[in-house]
Amino acid sequence: HLVCRGRLLLGVGAGSTRADFDDLATVDYTRQDGFIRYEGTLPDIEYQIDLGHSRLNRELAIDASSPIARAIVQWQISPQSRLRFRGRHQFADEVQDLIVRLSDPDLALIPDLVESTSSLVTAGVYRQRSLELDYRFTGDRFGFRLRPLYRSLRYIDRTDADRTERGGFFQVDYRLRPRMNVYFSGSVRKREFENRTQHDMDHVYRLGMDYQLTRHWGWRAEAIKNDRDSNLSDPRYQEKAVRLLVWWKR
């Protein structure tokens, strides 16, 4: 149900998610969410606030609940500059986080280092607290983006994966020609685990070029350097790669 009052919008949302896993070690659950959404605009400012409650009904395990508190505030500082704040307190999982990142056309995927055998990529539900700022400057030729972030993940079952993450992402790009753009981007992330003495530091850097051949065709070439340092017995991981991408769009 939505009620519109000029520049204000009030809504009520509800959702239910059922998860059944083939892995017998993972607990099946039903998650029920309900929240009130408040949206509005001020001169140069847009905001969206969700407040509600979430309950996790788990089979053969203790149920859990959590408040829902989400906020997005975007300030158009000037025609070239924009600052956005996003905060979340809610139940989440790795798949949901990935869907949120992919579904946001204004939020590029931040490079991430996760081994294919990592236990961190699981179906487990966690209580998520996250804060992030996203500043962008878009000029005629020069562009700049800076995005510091903080995340706290507390798993319902896999408490050995509880961790706090702090880091940031940046990108600088320059338009050499109307259809040619060069860029340099990077991310730094520190992970600290709560229930084990593991600390990871990740660095991911990219140097690349975009070129639009026609209205529908183009290509991208980039060099990538990934690096992880940890206090584990085998602490160092390094990767260097070169990637060429040819794209087509309607």
# chains A, B, ... in the order shown; residues from 1 in each chain; ligands from 1
call {"tool": "select_by_dssp", "arguments": {"residues": "region 87-237 of chain A", "states": "helix (DSSP H, G or I)", "output": "ChimeraX atom specification"}}
result
/A:94-103,159-161
call {"tool": "write_last_selection", "arguments": {"atoms": "all heavy atoms", "output": "short mmCIF file (atom, residue, chain, number, x, y, z; two decimals), in the first residue's frame"}}
result
data_model
loop_
_atom_site.label_atom_id
_atom_site.label_comp_id
_atom_site.auth_asym_id
_atom_site.auth_seq_id
_atom_site.Cartn_x
_atom_site.Cartn_y
_atom_site.Cartn_z
N GLU A 94 25.47 -14.60 1.36
CA GLU A 94 26.40 -14.28 0.28
C GLU A 94 25.69 -14.10 -1.06
O GLU A 94 26.00 -13.21 -1.84
CB GLU A 94 27.46 -15.39 0.16
CG GLU A 94 28.32 -15.58 1.39
CD GLU A 94 29.29 -14.44 1.63
OE1 GLU A 94 29.50 -13.64 0.69
OE2 GLU A 94 29.85 -14.36 2.73
N VAL A 95 24.71 -14.97 -1.35
CA VAL A 95 24.00 -14.88 -2.62
C VAL A 95 23.18 -13.60 -2.70
O VAL A 95 23.17 -12.90 -3.72
CB VAL A 95 23.09 -16.12 -2.81
CG1 VAL A 95 22.28 -15.98 -4.09
CG2 VAL A 95 23.93 -17.39 -2.85
N GLN A 96 22.48 -13.25 -1.62
CA GLN A 96 21.69 -12.02 -1.61
C GLN A 96 22.57 -10.80 -1.82
O GLN A 96 22.22 -9.89 -2.57
CB GLN A 96 20.93 -11.90 -0.29
CG GLN A 96 20.14 -10.60 -0.16
CD GLN A 96 19.46 -10.46 1.19
OE1 GLN A 96 19.13 -11.45 1.84
NE2 GLN A 96 19.28 -9.23 1.62
N ASP A 97 23.73 -10.77 -1.17
CA ASP A 97 24.63 -9.63 -1.35
C ASP A 97 25.08 -9.50 -2.80
O ASP A 97 25.17 -8.40 -3.34
CB ASP A 97 25.85 -9.80 -0.45
CG ASP A 97 25.61 -9.29 0.96
OD1 ASP A 97 24.51 -8.75 1.21
OD2 ASP A 97 26.51 -9.42 1.81
N LEU A 98 25.36 -10.62 -3.44
CA LEU A 98 25.79 -10.58 -4.83
C LEU A 98 24.67 -10.09 -5.74
O LEU A 98 24.89 -9.29 -6.65
CB LEU A 98 26.25 -11.97 -5.28
CG LEU A 98 26.77 -12.09 -6.72
CD1 LEU A 98 27.98 -11.19 -6.92
CD2 LEU A 98 27.12 -13.53 -7.04
N ILE A 99 23.43 -10.53 -5.49
CA ILE A 99 22.29 -10.09 -6.30
C ILE A 99 22.08 -8.59 -6.15
O ILE A 99 21.81 -7.87 -7.12
CB ILE A 99 21.02 -10.86 -5.90
CG1 ILE A 99 21.15 -12.33 -6.30
CG2 ILE A 99 19.78 -10.24 -6.54
CD1 ILE A 99 20.02 -13.20 -5.81
N VAL A 100 22.21 -8.08 -4.92
CA VAL A 100 22.04 -6.64 -4.69
C VAL A 100 23.07 -5.86 -5.48
O VAL A 100 22.76 -4.84 -6.11
CB VAL A 100 22.15 -6.33 -3.19
CG1 VAL A 100 22.27 -4.82 -2.96
CG2 VAL A 100 20.94 -6.87 -2.44
N ARG A 101 24.31 -6.33 -5.50
CA ARG A 101 25.37 -5.62 -6.21
C ARG A 101 25.16 -5.67 -7.72
O ARG A 101 25.41 -4.69 -8.42
CB ARG A 101 26.72 -6.22 -5.84
CG ARG A 101 27.09 -6.04 -4.37
CD ARG A 101 28.24 -6.93 -3.98
NE ARG A 101 29.49 -6.45 -4.53
CZ ARG A 101 30.62 -7.17 -4.49
NH1 ARG A 101 30.61 -8.39 -4.02
NH2 ARG A 101 31.73 -6.66 -4.98
N LEU A 102 24.70 -6.81 -8.23
CA LEU A 102 24.50 -6.95 -9.67
C LEU A 102 23.26 -6.19 -10.16
O LEU A 102 23.20 -5.77 -11.31
CB LEU A 102 24.36 -8.42 -10.04
CG LEU A 102 25.65 -9.26 -10.00
CD1 LEU A 102 25.32 -10.73 -10.21
CD2 LEU A 102 26.64 -8.79 -11.05
N SER A 103 22.26 -6.03 -9.29
CA SER A 103 21.01 -5.41 -9.71
C SER A 103 21.05 -3.89 -9.66
O SER A 103 20.13 -3.23 -10.13
CB SER A 103 19.85 -5.92 -8.84
OG SER A 103 20.05 -5.55 -7.48
N THR A 159 29.81 -19.62 13.19
CA THR A 159 30.41 -18.53 13.95
C THR A 159 31.91 -18.42 13.71
O THR A 159 32.50 -17.38 14.02
CB THR A 159 30.14 -18.72 15.46
OG1 THR A 159 30.64 -20.00 15.87
CG2 THR A 159 28.64 -18.66 15.75
N ASP A 160 32.54 -19.47 13.15
CA ASP A 160 33.97 -19.37 12.85
C ASP A 160 34.23 -18.40 11.70
O ASP A 160 35.36 -17.97 11.49
CB ASP A 160 34.54 -20.74 12.50
CG ASP A 160 33.90 -21.33 11.26
OD1 ASP A 160 32.66 -21.24 11.12
OD2 ASP A 160 34.63 -21.88 10.41
N ALA A 161 33.16 -18.04 10.95
CA ALA A 161 33.31 -17.10 9.84
C ALA A 161 32.94 -15.67 10.23
O ALA A 161 33.00 -14.77 9.39
CB ALA A 161 32.45 -17.54 8.65
#
call {"tool": "residues_around", "arguments": {"residues": "Asp44 (chain A)", "least_positions_apart": "2", "cutoff": "10 Å", "atoms": "only C-alpha atoms", "output": "compact mmCIF listing (two decimals) with all heavy atoms, in the first residue's frame"}}
result
# COMPACT_ATOMS: atom_id res chain seq x y z
N THR A 41 12.27 13.65 -1.11
CA THR A 41 13.28 14.46 -1.79
C THR A 41 13.28 15.86 -1.18
O THR A 41 12.25 16.40 -0.78
CB THR A 41 13.00 14.57 -3.30
OG1 THR A 41 11.72 15.16 -3.51
CG2 THR A 41 13.05 13.20 -3.96
N LEU A 42 14.47 16.40 -1.12
CA LEU A 42 14.70 17.79 -0.75
C LEU A 42 15.51 18.41 -1.89
O LEU A 42 15.94 17.70 -2.79
CB LEU A 42 15.47 17.87 0.57
CG LEU A 42 14.76 17.29 1.80
CD1 LEU A 42 15.72 17.22 2.98
CD2 LEU A 42 13.54 18.12 2.17
N GLU A 46 18.00 13.13 -2.20
CA GLU A 46 17.00 12.07 -2.24
C GLU A 46 17.31 11.08 -1.13
O GLU A 46 18.48 10.79 -0.87
CB GLU A 46 17.01 11.35 -3.60
CG GLU A 46 16.69 12.24 -4.78
CD GLU A 46 16.77 11.48 -6.09
OE1 GLU A 46 17.09 10.27 -6.05
OE2 GLU A 46 16.51 12.09 -7.14
N GLN A 74 21.24 10.35 -0.94
CA GLN A 74 22.07 10.80 -2.06
C GLN A 74 21.99 12.31 -2.20
O GLN A 74 20.90 12.88 -2.26
CB GLN A 74 21.63 10.12 -3.36
CG GLN A 74 22.48 10.51 -4.56
CD GLN A 74 22.22 9.63 -5.76
OE1 GLN A 74 22.44 8.42 -5.71
NE2 GLN A 74 21.74 10.21 -6.84
N TRP A 75 23.15 12.93 -2.24
CA TRP A 75 23.26 14.40 -2.33
C TRP A 75 23.96 14.75 -3.64
O TRP A 75 25.10 14.38 -3.86
CB TRP A 75 24.03 14.92 -1.14
CG TRP A 75 24.29 16.41 -1.17
CD1 TRP A 75 23.56 17.36 -1.80
CD2 TRP A 75 25.36 17.09 -0.51
NE1 TRP A 75 24.09 18.61 -1.60
CE2 TRP A 75 25.20 18.48 -0.80
CE3 TRP A 75 26.42 16.69 0.29
CZ2 TRP A 75 26.09 19.43 -0.32
CZ3 TRP A 75 27.30 17.64 0.77
CH2 TRP A 75 27.12 19.00 0.47
N GLN A 76 23.24 15.47 -4.49
CA GLN A 76 23.82 15.96 -5.75
C GLN A 76 24.48 17.29 -5.45
O GLN A 76 23.87 18.35 -5.49
CB GLN A 76 22.73 16.11 -6.82
CG GLN A 76 23.26 16.30 -8.22
CD GLN A 76 23.93 15.04 -8.76
OE1 GLN A 76 23.45 13.94 -8.53
NE2 GLN A 76 25.03 15.20 -9.49
N ILE A 77 25.77 17.24 -5.14
CA ILE A 77 26.50 18.42 -4.69
C ILE A 77 26.56 19.47 -5.79
O ILE A 77 26.39 20.67 -5.55
CB ILE A 77 27.91 18.02 -4.24
CG1 ILE A 77 27.84 16.95 -3.14
CG2 ILE A 77 28.69 19.24 -3.75
CD1 ILE A 77 29.18 16.38 -2.76
N SER A 78 26.81 19.02 -7.01
CA SER A 78 26.89 19.89 -8.17
C SER A 78 26.54 19.04 -9.39
O SER A 78 26.38 17.82 -9.27
CB SER A 78 28.29 20.49 -8.31
OG SER A 78 29.23 19.49 -8.67
N PRO A 79 26.42 19.64 -10.58
CA PRO A 79 26.13 18.81 -11.75
C PRO A 79 27.18 17.72 -11.99
O PRO A 79 26.87 16.69 -12.60
CB PRO A 79 26.11 19.83 -12.90
CG PRO A 79 25.69 21.11 -12.26
CD PRO A 79 26.33 21.09 -10.90
N ARG A 82 28.55 13.92 -6.89
CA ARG A 82 27.47 13.25 -6.18
C ARG A 82 28.04 12.49 -5.00
O ARG A 82 29.08 11.85 -5.09
CB ARG A 82 26.75 12.28 -7.11
CG ARG A 82 25.50 11.66 -6.53
CD ARG A 82 25.30 10.25 -7.06
NE ARG A 82 26.27 9.33 -6.50
CZ ARG A 82 26.36 8.05 -6.86
NH1 ARG A 82 25.58 7.57 -7.79
NH2 ARG A 82 27.26 7.26 -6.30
call {"tool": "closest_residue", "arguments": {"among": "A:Phe137, A:Phe169, A:Tyr155, A:Tyr174", "to": "Glu194 (chain A)", "atoms": "only C-alpha atoms"}}
result
A:Tyr155
call {"tool": "residues_around", "arguments": {"residues": "Arg163 (chain A)", "least_positions_apart": "6", "cutoff": "9 Å", "atoms": "only C-alpha atoms", "output": "list in words"}}
result
Arg151, Ser152, Leu153, Arg154, Arg191, Glu192, Phe193, Glu194 and Asn195 of chain A
call {"tool": "residues_around", "arguments": {"residues": "region 48-64 of chain A", "least_positions_apart": "4", "cutoff": "12 Å", "atoms": "only C-alpha atoms", "output": "PyMOL selection string"}}
result
chain A and resi 7-21+24-42+68-74+84-92+124-127+155-157
call {"tool": "atom_distance", "arguments": {"atom1": "CA of Tyr47 (chain A)", "atom2": "CA of Phe142 (chain A)"}}
result
27.6 Å
call {"tool": "atom_distance", "arguments": {"atom1": "CA of Gln198 (chain A)", "atom2": "CA of Leu149 (chain A)"}}
result
20.2 Å
call {"tool": "residues_around", "arguments": {"residues": "region 224-232 of chain A", "least_positions_apart": "4", "cutoff": "6 Å", "atoms": "only C-alpha atoms", "output": "list in words"}}
result
His199, Asp200, Met201, Asp202, His203, Val204, Tyr205, Arg206, Arg236, Tyr237, Gln238, Glu239, Lys240 and Ala241 of chain A
call {"tool": "write_last_selection", "arguments": {"atoms": "N, CA, C and O atoms", "output": "PDB file, in the first residue's frame"}}
result
ATOM      1  N   HIS A 199      43.850 -12.681  10.162  1.00  0.00           N
ATOM      2  CA  HIS A 199      43.715 -11.332   9.629  1.00  0.00           C
ATOM      3  C   HIS A 199      44.202 -11.353   8.184  1.00  0.00           C
ATOM      4  O   HIS A 199      45.314 -11.805   7.907  1.00  0.00           O
ATOM      5  N   ASP A 200      43.380 -10.869   7.276  1.00  0.00           N
ATOM      6  CA  ASP A 200      43.729 -10.824   5.857  1.00  0.00           C
ATOM      7  C   ASP A 200      43.764  -9.379   5.374  1.00  0.00           C
ATOM      8  O   ASP A 200      42.965  -8.548   5.812  1.00  0.00           O
ATOM      9  N   MET A 201      44.678  -9.099   4.461  1.00  0.00           N
ATOM     10  CA  MET A 201      44.743  -7.803   3.790  1.00  0.00           C
ATOM     11  C   MET A 201      44.777  -8.043   2.287  1.00  0.00           C
ATOM     12  O   MET A 201      45.688  -8.702   1.781  1.00  0.00           O
ATOM     13  N   ASP A 202      43.757  -7.552   1.586  1.00  0.00           N
ATOM     14  CA  ASP A 202      43.641  -7.749   0.143  1.00  0.00           C
ATOM     15  C   ASP A 202      43.884  -6.439  -0.594  1.00  0.00           C
ATOM     16  O   ASP A 202      43.415  -5.381  -0.167  1.00  0.00           O
ATOM     17  N   HIS A 203      44.604  -6.548  -1.725  1.00  0.00           N
ATOM     18  CA  HIS A 203      44.797  -5.426  -2.636  1.00  0.00           C
ATOM     19  C   HIS A 203      44.468  -5.902  -4.047  1.00  0.00           C
ATOM     20  O   HIS A 203      44.993  -6.934  -4.494  1.00  0.00           O
ATOM     21  N   VAL A 204      43.630  -5.180  -4.755  1.00  0.00           N
ATOM     22  CA  VAL A 204      43.282  -5.500  -6.138  1.00  0.00           C
ATOM     23  C   VAL A 204      43.409  -4.217  -6.965  1.00  0.00           C
ATOM     24  O   VAL A 204      42.786  -3.207  -6.633  1.00  0.00           O
ATOM     25  N   TYR A 205      44.212  -4.261  -8.042  1.00  0.00           N
ATOM     26  CA  TYR A 205      44.428  -3.084  -8.875  1.00  0.00           C
ATOM     27  C   TYR A 205      44.171  -3.443 -10.341  1.00  0.00           C
ATOM     28  O   TYR A 205      44.485  -4.549 -10.790  1.00  0.00           O
ATOM     29  N   ARG A 206      43.612  -2.471 -11.080  1.00  0.00           N
ATOM     30  CA  ARG A 206      43.320  -2.658 -12.503  1.00  0.00           C
ATOM     31  C   ARG A 206      43.732  -1.417 -13.284  1.00  0.00           C
ATOM     32  O   ARG A 206      43.466  -0.298 -12.871  1.00  0.00           O
ATOM     33  N   ARG A 236      50.775 -15.761   1.723  1.00  0.00           N
ATOM     34  CA  ARG A 236      50.879 -14.895   0.548  1.00  0.00           C
ATOM     35  C   ARG A 236      50.158 -15.487  -0.656  1.00  0.00           C
ATOM     36  O   ARG A 236      50.268 -16.677  -0.940  1.00  0.00           O
ATOM     37  N   TYR A 237      49.394 -14.642  -1.332  1.00  0.00           N
ATOM     38  CA  TYR A 237      48.761 -15.029  -2.592  1.00  0.00           C
ATOM     39  C   TYR A 237      48.909 -13.875  -3.571  1.00  0.00           C
ATOM     40  O   TYR A 237      48.592 -12.735  -3.245  1.00  0.00           O
ATOM     41  N   GLN A 238      49.401 -14.169  -4.765  1.00  0.00           N
ATOM     42  CA  GLN A 238      49.561 -13.143  -5.784  1.00  0.00           C
ATOM     43  C   GLN A 238      49.044 -13.670  -7.115  1.00  0.00           C
ATOM     44  O   GLN A 238      49.228 -14.838  -7.444  1.00  0.00           O
ATOM     45  N   GLU A 239      48.430 -12.782  -7.877  1.00  0.00           N
ATOM     46  CA  GLU A 239      47.895 -13.146  -9.182  1.00  0.00           C
ATOM     47  C   GLU A 239      48.018 -11.951 -10.113  1.00  0.00           C
ATOM     48  O   GLU A 239      47.699 -10.817  -9.729  1.00  0.00           O
ATOM     49  N   LYS A 240      48.478 -12.210 -11.333  1.00  0.00           N
ATOM     50  CA  LYS A 240      48.540 -11.190 -12.364  1.00  0.00           C
ATOM     51  C   LYS A 240      47.834 -11.722 -13.601  1.00  0.00           C
ATOM     52  O   LYS A 240      48.014 -12.886 -13.979  1.00  0.00           O
ATOM     53  N   ALA A 241      47.032 -10.886 -14.229  1.00  0.00           N
ATOM     54  CA  ALA A 241      46.256 -11.340 -15.376  1.00  0.00           C
ATOM     55  C   ALA A 241      46.076 -10.198 -16.360  1.00  0.00           C
ATOM     56  O   ALA A 241      46.093  -9.019 -15.991  1.00  0.00           O
TER      57      ALA A 241
END
call {"tool": "closest_residue", "arguments": {"among": "A:Gly143, A:Gly186, A:Arg175, A:Pro67", "to": "Arg129 (chain A)", "atoms": "only C-alpha atoms"}}
result
A:Pro67
call {"tool": "residues_around", "arguments": {"residues": "Gly218 (chain A)", "least_positions_apart": "4", "cutoff": "12 Å", "atoms": "only C-alpha atoms", "output": "CSV table (one decimal) with all heavy atoms, in the first residue's frame"}}
result
chain,number,residue,atom,x,y,z
A,179,ARG,N,35.4,8.4,-27.8
A,179,ARG,CA,35.1,7.0,-27.6
A,179,ARG,C,36.1,6.2,-26.9
A,179,ARG,O,36.0,5.0,-26.8
A,179,ARG,CB,34.7,6.4,-29.0
A,179,ARG,CG,33.5,7.0,-29.7
A,179,ARG,CD,33.2,6.2,-31.0
A,179,ARG,NE,32.0,6.8,-31.6
A,179,ARG,CZ,31.5,6.2,-32.8
A,179,ARG,NH1,32.1,5.2,-33.3
A,179,ARG,NH2,30.5,6.8,-33.3
A,180,MET,N,37.2,6.9,-26.4
A,180,MET,CA,38.3,6.1,-25.8
A,180,MET,C,38.5,6.6,-24.4
A,180,MET,O,38.6,7.8,-24.2
A,180,MET,CB,39.6,6.3,-26.6
A,180,MET,CG,40.7,5.5,-26.0
A,180,MET,SD,42.3,5.8,-26.9
A,180,MET,CE,41.9,4.9,-28.4
A,181,ASN,N,38.5,5.7,-23.4
A,181,ASN,CA,38.6,6.0,-22.0
A,181,ASN,C,39.6,5.1,-21.4
A,181,ASN,O,39.6,3.9,-21.6
A,181,ASN,CB,37.3,5.8,-21.3
A,181,ASN,CG,37.3,6.3,-19.9
A,181,ASN,OD1,37.6,7.4,-19.6
A,181,ASN,ND2,37.0,5.4,-19.0
A,209,MET,N,41.6,0.1,-20.6
A,209,MET,CA,41.2,1.0,-21.6
A,209,MET,C,39.9,0.5,-22.2
A,209,MET,O,39.7,-0.7,-22.5
A,209,MET,CB,42.2,1.2,-22.7
A,209,MET,CG,41.8,2.0,-23.9
A,209,MET,SD,43.0,2.1,-25.3
A,209,MET,CE,44.3,2.9,-24.5
A,210,ASP,N,38.9,1.4,-22.4
A,210,ASP,CA,37.7,1.2,-23.1
A,210,ASP,C,37.7,1.9,-24.4
A,210,ASP,O,38.1,3.0,-24.5
A,210,ASP,CB,36.5,1.7,-22.2
A,210,ASP,CG,36.1,0.7,-21.1
A,210,ASP,OD1,36.1,-0.5,-21.3
A,210,ASP,OD2,35.9,1.2,-20.0
A,211,TYR,N,37.2,1.2,-25.4
A,211,TYR,CA,37.1,1.8,-26.7
A,211,TYR,C,35.7,1.4,-27.4
A,211,TYR,O,35.5,0.2,-27.6
A,211,TYR,CB,38.2,1.5,-27.6
A,211,TYR,CG,38.3,2.3,-28.9
A,211,TYR,CD1,38.8,3.6,-28.9
A,211,TYR,CD2,37.8,1.8,-30.1
A,211,TYR,CE1,38.8,4.3,-30.1
A,211,TYR,CE2,37.8,2.5,-31.3
A,211,TYR,CZ,38.3,3.8,-31.3
A,211,TYR,OH,38.3,4.6,-32.4
A,212,GLN,N,34.9,2.4,-27.7
A,212,GLN,CA,33.6,2.1,-28.4
A,212,GLN,C,33.8,2.3,-29.9
A,212,GLN,O,34.0,3.4,-30.4
A,212,GLN,CB,32.5,3.0,-27.8
A,212,GLN,CG,31.2,2.7,-28.4
A,212,GLN,CD,30.1,3.6,-27.7
A,212,GLN,OE1,30.3,4.2,-26.6
A,212,GLN,NE2,28.9,3.6,-28.3
A,213,LEU,N,33.7,1.1,-30.6
A,213,LEU,CA,33.9,1.2,-32.0
A,213,LEU,C,32.8,1.8,-32.8
A,213,LEU,O,32.9,2.7,-33.6
A,213,LEU,CB,34.2,-0.2,-32.6
A,213,LEU,CG,35.4,-0.9,-32.0
A,213,LEU,CD1,35.5,-2.4,-32.4
A,213,LEU,CD2,36.7,-0.2,-32.5
A,214,THR,N,31.6,1.3,-32.4
A,214,THR,CA,30.3,1.8,-33.0
A,214,THR,C,29.3,2.0,-31.9
A,214,THR,O,29.6,1.9,-30.7
A,214,THR,CB,29.8,0.8,-34.1
A,214,THR,OG1,29.3,-0.4,-33.4
A,214,THR,CG2,30.8,0.5,-35.1
A,244,LEU,N,41.0,-9.3,-22.2
A,244,LEU,CA,40.5,-8.6,-23.3
A,244,LEU,C,39.0,-9.0,-23.4
A,244,LEU,O,38.6,-10.2,-23.5
A,244,LEU,CB,41.2,-9.0,-24.6
A,244,LEU,CG,40.6,-8.4,-25.9
A,244,LEU,CD1,40.8,-6.8,-25.8
A,244,LEU,CD2,41.4,-8.9,-27.1
A,245,LEU,N,38.1,-8.0,-23.5
A,245,LEU,CA,36.7,-8.2,-23.6
A,245,LEU,C,36.1,-7.4,-24.8
A,245,LEU,O,36.4,-6.3,-25.0
A,245,LEU,CB,36.0,-7.7,-22.3
A,245,LEU,CG,34.5,-7.6,-22.3
A,245,LEU,CD1,33.9,-9.1,-22.2
A,245,LEU,CD2,34.0,-6.9,-21.0
A,246,VAL,N,35.4,-8.2,-25.6
A,246,VAL,CA,34.7,-7.6,-26.7
A,246,VAL,C,33.2,-7.6,-26.4
A,246,VAL,O,32.7,-8.6,-26.0
A,246,VAL,CB,34.9,-8.3,-28.0
A,246,VAL,CG1,34.1,-7.7,-29.2
A,246,VAL,CG2,36.4,-8.4,-28.4
A,247,TRP,N,32.5,-6.4,-26.5
A,247,TRP,CA,31.1,-6.4,-26.0
A,247,TRP,C,30.2,-5.8,-27.2
A,247,TRP,O,30.7,-5.2,-28.1
A,247,TRP,CB,31.0,-5.5,-24.8
A,247,TRP,CG,31.6,-4.1,-24.9
A,247,TRP,CD1,32.8,-3.6,-24.5
A,247,TRP,CD2,30.9,-2.9,-25.5
A,247,TRP,NE1,32.9,-2.3,-24.8
A,247,TRP,CE2,31.8,-1.8,-25.4
A,247,TRP,CE3,29.7,-2.7,-26.1
A,247,TRP,CZ2,31.5,-0.6,-25.9
A,247,TRP,CZ3,29.4,-1.5,-26.6
A,247,TRP,CH2,30.3,-0.4,-26.5
A,248,TRP,N,29.0,-6.2,-27.0
A,248,TRP,CA,27.9,-5.8,-27.9
A,248,TRP,C,26.7,-5.4,-27.1
A,248,TRP,O,26.4,-6.1,-26.2
A,248,TRP,CB,27.6,-6.9,-28.9
A,248,TRP,CG,26.4,-6.4,-29.9
A,248,TRP,CD1,26.6,-5.8,-31.1
A,248,TRP,CD2,25.0,-6.7,-29.7
A,248,TRP,NE1,25.4,-5.6,-31.6
A,248,TRP,CE2,24.4,-6.1,-30.8
A,248,TRP,CE3,24.3,-7.3,-28.7
A,248,TRP,CZ2,23.0,-6.2,-31.0
A,248,TRP,CZ3,22.9,-7.3,-28.9
A,248,TRP,CH2,22.3,-6.8,-30.0
A,249,LYS,N,26.1,-4.3,-27.4
A,249,LYS,CA,24.8,-3.9,-26.7
A,249,LYS,C,23.9,-3.3,-27.7
A,249,LYS,O,24.2,-2.8,-28.7
A,249,LYS,CB,25.1,-3.0,-25.6
A,249,LYS,CG,25.7,-1.6,-26.1
A,249,LYS,CD,26.0,-0.7,-24.9
A,249,LYS,CE,26.6,0.6,-25.3
A,249,LYS,NZ,26.9,1.5,-24.2
A,250,ARG,N,22.6,-3.4,-27.4
A,250,ARG,CA,21.6,-2.9,-28.3
A,250,ARG,C,21.5,-1.4,-28.2
A,250,ARG,O,21.8,-0.8,-27.2
A,250,ARG,CB,20.2,-3.5,-27.9
A,250,ARG,CG,20.2,-5.1,-28.1
A,250,ARG,CD,18.8,-5.6,-27.8
A,250,ARG,NE,17.8,-5.1,-28.7
A,250,ARG,CZ,16.5,-5.4,-28.6
A,250,ARG,NH1,16.1,-6.3,-27.7
A,250,ARG,NH2,15.6,-4.9,-29.4
